[in-house]
Structure formats: C-alpha cells, structure tokens
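Asks: Submitted below is the structure of interest, expressed as structure tokens.
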Amino acid sequence: MRGGSTSARSGRISVPDGAAAGRVAEPVLCGGLTALTTIDFPDRLSAVIFCQGCPWRCPYCQNPGLISSTGAGRLSWAEVVAFLERRRGLLEAVVFSGGEPTLQAGLATAAAEVKAMGFLVGLHTAGPYPRRLAGIEQVRDAVLRDCL
Ligand code: SF4
C-alpha cells in the first residue's frame with residue numbers, strides 16, 4: 001500500500017494523515033487494513049477492513065484509535081479496492097470490522113462492491129444499529145458478534 005506501514009504486532013496497514021487529504025466522499029472511513037488473517041472469517045483466508053468510528057467507546061477497547069469517527073490513519077476506499085484487486089484468487093473473504101462498521105452510512109455499498117469482486121463478506125459488529133444489518137442482508141455471508 002503506497003505510503004503505508006505495517007504494525008509488527010497486528011499486521012495492520014495504515015497510512016499517515018496526509019494521505020487522506022483531498023479525499024472525496026467515501027462509502028466507509030477506513031482506519032486500517034489487515035492484509036491476511038486466518039481467524040477473522042470461519043475457515044477462510046481473509047482480509048479485514050477496520051472501519052473508523054464506534055459509538056460505544058468502551059474503556060477496554062483493543063483499538064482505541066478507531067473509536068473517533070474523525071480519527072487519523074485512514075485509507076481511502078480506492079486504496080482498499082486496489083489492494084483487494086491484487087488479492088483476487090488469493091483471499092477468500094473480506095471482513096468489515098472496526099470500530100463499528102454499521103456506523104458507516106455506505107457500508108452496504110462497500111460490501112456490495114466487495115461481494116461483486118468475488119469475495120465472501122463478513123461483518124464484525126457490537127450491534128449498536130441492528131436495523132442497519134438488514135441493509136446488507138443480501139451481500140453478507142457471516143455476521144460475528146464482536147466486543148460486547
Ligand atoms: S464496541 Fe468494540 S470497537 Fe467499539 S469501543 Fe467497544 S471494544 Fe472498541
């Protein structure tokens with residue numbers, strides 16, 4: 001990922017603040033990306049998109065940098081899509097995690113785009129907006145409770 005770095009502990013890719021400058025409206029705000037994981041979607045090789053922002057603000061959060069909906073270190077959606085294009089045929093699934101993915105107004109659009117690329121779609125949610133789950137019912141393959 002251009003201009004990015006990878007945390008040795010989490011494997012998450014992030015880009016510095018300046019990379020977000022000039023961005024047009026995004027379907028989701030991305031706080032980071034794990035390029036490969038074997039544990040976030042059952043029995044599938046997957047990538048994880050970390051959505052920026054969470055309304056719960058738990059004091060024990062493992063990803064406190066993702067709580068603010070205006071937090072730093074975002075990837076553009078175009079960068080995420082470009083990454084996934086390079087992983088077609090290698091990865092089987094893409095998981096939207098966070099933060100809280102159902103906070104994102106464009107989650108259904110983003111999930112549909114990922115699905116159209118041939119990936120299974122997973123969702124990690126702590127359930128603050130249950131009605132929004134219906135909006136991605138047609139494209140998601142797994143919903144996994146998270147955090148709470
Ligand atoms: S619900 Fe999860 S992501 Fe949100 S603040 Fe709590 S632990 Fe963090």
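Residue names in the structure tokens use chain letters A, B, ... in the order shown, residue numbers from 1 in each chain, and ligand numbers from 1 in the order shown.
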Write out as a ChimeraX atom specification the residues lying within 7 Å of region 44-53 of chain A, counting only C-alpha atoms and excluding same-chain residues fewer than 3 positions away.
Replies: /A:28-38,40-41,66-69,71,91-101
Asks: Only N, CA and C atoms, please: the residues just picked out, written as an mmCIF file, in the first residue's frame.
Replies:
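Result file is out-v2.cif:
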data_model
loop_
_atom_site.group_PDB
_atom_site.id
_atom_site.type_symbol
_atom_site.label_atom_id
_atom_site.label_comp_id
_atom_site.auth_asym_id
_atom_site.auth_seq_id
_atom_site.Cartn_x
_atom_site.Cartn_y
_atom_site.Cartn_z
ATOM 1 N N VAL A 28 -17.039 4.084 3.155
ATOM 2 C CA VAL A 28 -16.680 3.826 4.552
ATOM 3 C C VAL A 28 -15.372 4.559 4.848
ATOM 4 N N LEU A 29 -15.214 4.981 6.106
ATOM 5 C CA LEU A 29 -13.941 5.548 6.545
ATOM 6 C C LEU A 29 -13.095 4.400 7.064
ATOM 7 N N CYS A 30 -11.916 4.218 6.477
ATOM 8 C CA CYS A 30 -11.079 3.065 6.810
ATOM 9 C C CYS A 30 -9.918 3.507 7.691
ATOM 10 N N GLY A 31 -9.860 2.937 8.881
ATOM 11 C CA GLY A 31 -8.786 3.245 9.810
ATOM 12 C C GLY A 31 -7.584 2.343 9.640
ATOM 13 N N GLY A 32 -7.719 1.309 8.846
ATOM 14 C CA GLY A 32 -6.602 0.401 8.625
ATOM 15 C C GLY A 32 -7.078 -0.872 7.946
ATOM 16 N N LEU A 33 -6.115 -1.728 7.672
ATOM 17 C CA LEU A 33 -6.412 -2.951 6.921
ATOM 18 C C LEU A 33 -5.451 -4.040 7.359
ATOM 19 N N THR A 34 -5.975 -5.206 7.676
ATOM 20 C CA THR A 34 -5.126 -6.382 7.856
ATOM 21 C C THR A 34 -5.150 -7.163 6.554
ATOM 22 N N ALA A 35 -3.975 -7.379 5.995
ATOM 23 C CA ALA A 35 -3.883 -7.946 4.652
ATOM 24 C C ALA A 35 -4.217 -9.433 4.600
ATOM 25 N N LEU A 36 -3.948 -10.148 5.690
ATOM 26 C CA LEU A 36 -4.201 -11.592 5.699
ATOM 27 C C LEU A 36 -4.428 -12.059 7.126
ATOM 28 N N THR A 37 -5.516 -12.778 7.329
ATOM 29 C CA THR A 37 -5.777 -13.386 8.623
ATOM 30 C C THR A 37 -6.491 -14.716 8.417
ATOM 31 N N THR A 38 -6.234 -15.657 9.319
ATOM 32 C CA THR A 38 -6.897 -16.964 9.255
ATOM 33 C C THR A 38 -7.957 -17.104 10.335
ATOM 34 N N ASP A 40 -10.398 -14.427 11.318
ATOM 35 C CA ASP A 40 -11.489 -13.448 11.385
ATOM 36 C C ASP A 40 -12.722 -13.831 10.581
ATOM 37 N N PHE A 41 -12.615 -14.826 9.732
ATOM 38 C CA PHE A 41 -13.767 -15.378 9.000
ATOM 39 C C PHE A 41 -13.618 -16.896 9.088
ATOM 40 N N LEU A 66 -9.495 3.676 16.784
ATOM 41 C CA LEU A 66 -10.599 3.575 15.832
ATOM 42 C C LEU A 66 -11.910 4.107 16.393
ATOM 43 N N ILE A 67 -11.928 4.541 17.638
ATOM 44 C CA ILE A 67 -13.189 4.982 18.250
ATOM 45 C C ILE A 67 -13.674 6.290 17.650
ATOM 46 N N SER A 68 -12.799 7.252 17.498
ATOM 47 C CA SER A 68 -13.212 8.537 16.941
ATOM 48 C C SER A 68 -13.609 8.380 15.473
ATOM 49 N N SER A 69 -14.732 8.968 15.115
ATOM 50 C CA SER A 69 -15.155 8.882 13.715
ATOM 51 C C SER A 69 -14.363 9.836 12.833
ATOM 52 N N GLY A 71 -10.930 9.980 13.340
ATOM 53 C CA GLY A 71 -9.574 9.588 13.694
ATOM 54 C C GLY A 71 -8.609 9.608 12.521
ATOM 55 N N LEU A 91 -7.146 -14.340 -1.582
ATOM 56 C CA LEU A 91 -8.024 -14.243 -0.423
ATOM 57 C C LEU A 91 -9.411 -14.768 -0.781
ATOM 58 N N GLU A 92 -10.107 -15.309 0.234
ATOM 59 C CA GLU A 92 -11.461 -15.814 0.003
ATOM 60 C C GLU A 92 -12.538 -14.885 0.549
ATOM 61 N N ALA A 93 -12.183 -14.120 1.558
ATOM 62 C CA ALA A 93 -13.204 -13.325 2.245
ATOM 63 C C ALA A 93 -12.636 -11.980 2.673
ATOM 64 N N VAL A 94 -13.547 -11.033 2.855
ATOM 65 C CA VAL A 94 -13.211 -9.715 3.381
ATOM 66 C C VAL A 94 -14.151 -9.437 4.547
ATOM 67 N N VAL A 95 -13.571 -9.048 5.672
ATOM 68 C CA VAL A 95 -14.354 -8.792 6.878
ATOM 69 C C VAL A 95 -14.344 -7.294 7.171
ATOM 70 N N PHE A 96 -15.537 -6.734 7.365
ATOM 71 C CA PHE A 96 -15.658 -5.351 7.820
ATOM 72 C C PHE A 96 -15.698 -5.381 9.342
ATOM 73 N N SER A 97 -14.703 -4.742 9.950
ATOM 74 C CA SER A 97 -14.603 -4.721 11.405
ATOM 75 C C SER A 97 -14.376 -3.271 11.827
ATOM 76 N N GLY A 98 -13.912 -3.065 13.045
ATOM 77 C CA GLY A 98 -13.737 -1.671 13.454
ATOM 78 C C GLY A 98 -12.998 -1.564 14.768
ATOM 79 N N GLY A 99 -13.440 -0.473 15.431
ATOM 80 C CA GLY A 99 -14.581 0.416 15.190
ATOM 81 C C GLY A 99 -15.886 -0.394 15.018
ATOM 82 N N GLU A 100 -16.874 0.313 14.566
ATOM 83 C CA GLU A 100 -18.184 -0.306 14.360
ATOM 84 C C GLU A 100 -18.610 -0.088 12.912
ATOM 85 N N PRO A 101 -18.572 -1.155 12.098
ATOM 86 C CA PRO A 101 -18.862 -0.985 10.675
ATOM 87 C C PRO A 101 -20.269 -0.487 10.383
#
Asks: What residues of the protein or nucleic acid chains come within 9 Å of ligand 1 when you use only C-alpha atoms and all ligand atoms? Reply as a PyMOL selection string.
Replies: chain A and resi 53-67+97-100+125-128+146-148
Asks: Using only C-alpha atoms, which of the listed residues (A:Asp141, A:Gly118, A:Leu90, A:Leu75) sits closest to Pro27 (chain A)?
Replies: A:Leu75
Asks: At a cut-off of 7 Å, using only C-alpha atoms, what residues contact Thr102 (chain A)? Leave out same-chain residues fewer than 2 positions from it and give the result as a PyMOL selection string.
Replies: chain A and resi 100+104+107+129+132
Asks: Please dump the current selection as a PDB file, in the first residue's frame; keep C-alpha atoms.
Replies:
ATOM      1  CA  GLU A 100     -18.184  -0.306  14.360  1.00  0.00           C
ATOM      2  CA  GLN A 104     -20.764   3.710   8.199  1.00  0.00           C
ATOM      3  CA  LEU A 107     -21.450   0.028   4.403  1.00  0.00           C
ATOM      4  CA  TYR A 129     -27.558  -0.270  14.896  1.00  0.00           C
ATOM      5  CA  ARG A 132     -28.711  -1.397   9.524  1.00  0.00           C
TER       6      ARG A 132
END
Asks: In terms of the shortest atom-to-atom distance over only C-alpha atoms, which of A:Ala111, A:Leu103, A:Gln138, A:Met117 is closest to Phe83 (chain A)?
Replies: A:Met117
Asks: Compare A:Ala142, A:His124, A:Phe119, A:Pro130 by their minimum atom-to-atom distance to Gly89 (chain A), counting only C-alpha atoms, and give me the closest one.
Replies: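 Under the stated criterion, the closest residue is A:Phe119.
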Asks: Just give me the gap between CA of Arg140 (chain A) and CA of Leu120 (chain A) in Å, one decimal is fine.
Replies: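 CA of Arg140 (chain A) sits 7.2 Å away from CA of Leu120 (chain A).
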Asks: Determine which residues of region 24-104 of chain A receive a DSSP assignment of strand (DSSP E), computed from the backbone, and state them as a list in words.
Replies: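 Here are the strand (DSSP E) residues of region 24-104 of chain A: Cys30, Gly31, Gly32, Leu33, Thr34, Ala35, Leu36, Thr37, Ser46, Ala47, Val48, Ile49, Phe50, Cys51, Ala93, Val94, Val95, Phe96 and Ser97 of chain A.
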Asks: Could you please determine the separation between CA of Ser76 (chain A) and CA of Lys115 (chain A) in Å, to one decimal place?
Replies: 18.3 Å
Asks: From the DSSP assignment of the backbone, select every residue of region 22-132 of chain A that is alpha helix (DSSP H), and format the answer as a list of chain:residue names.
Replies: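 Result set for region 22-132 of chain A (alpha helix (DSSP H)): A:Trp77, A:Ala78, A:Glu79, A:Val80, A:Val81, A:Ala82, A:Phe83, A:Leu84, A:Glu85, A:Arg86, A:Leu107, A:Ala108, A:Thr109, A:Ala110, A:Ala111, A:Ala112, A:Glu113, A:Val114, A:Lys115, A:Ala116, A:Pro130, A:Arg131, A:Arg132.
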Asks: Produce a file of the selected residues containing C-alpha atoms, as a PDB file, in the first residue's frame.
Replies:
ATOM      1  CA  TRP A  77     -11.686   3.353  -0.279  1.00  0.00           C
ATOM      2  CA  ALA A  78      -9.891   3.441  -3.629  1.00  0.00           C
ATOM      3  CA  GLU A  79      -6.731   2.175  -1.915  1.00  0.00           C
ATOM      4  CA  VAL A  80      -8.690  -0.619  -0.264  1.00  0.00           C
ATOM      5  CA  VAL A  81     -10.287  -1.651  -3.565  1.00  0.00           C
ATOM      6  CA  ALA A  82      -6.907  -1.548  -5.318  1.00  0.00           C
ATOM      7  CA  PHE A  83      -5.463  -3.806  -2.622  1.00  0.00           C
ATOM      8  CA  LEU A  84      -8.349  -6.263  -2.961  1.00  0.00           C
ATOM      9  CA  GLU A  85      -7.957  -6.317  -6.744  1.00  0.00           C
ATOM     10  CA  ARG A  86      -4.389  -7.544  -6.223  1.00  0.00           C
ATOM     11  CA  LEU A 107     -21.450   0.028   4.403  1.00  0.00           C
ATOM     12  CA  ALA A 108     -23.999  -1.704   2.152  1.00  0.00           C
ATOM     13  CA  THR A 109     -22.461  -0.077  -0.925  1.00  0.00           C
ATOM     14  CA  ALA A 110     -18.945  -1.050   0.094  1.00  0.00           C
ATOM     15  CA  ALA A 111     -19.988  -4.596   0.989  1.00  0.00           C
ATOM     16  CA  ALA A 112     -21.768  -4.995  -2.345  1.00  0.00           C
ATOM     17  CA  GLU A 113     -18.644  -3.830  -4.190  1.00  0.00           C
ATOM     18  CA  VAL A 114     -16.510  -6.340  -2.309  1.00  0.00           C
ATOM     19  CA  LYS A 115     -19.044  -9.093  -2.993  1.00  0.00           C
ATOM     20  CA  ALA A 116     -19.075  -8.239  -6.699  1.00  0.00           C
ATOM     21  CA  PRO A 130     -29.447  -3.559  14.383  1.00  0.00           C
ATOM     22  CA  ARG A 131     -31.719  -2.124  11.687  1.00  0.00           C
ATOM     23  CA  ARG A 132     -28.711  -1.397   9.524  1.00  0.00           C
TER      24      ARG A 132
END
Asks: Separation of CA of Thr70 (chain A) and CA of Ala25 (chain A), in Å?
Replies: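 CA of Ala25 (chain A) lies at a distance of 13.5 Å from CA of Thr70 (chain A).
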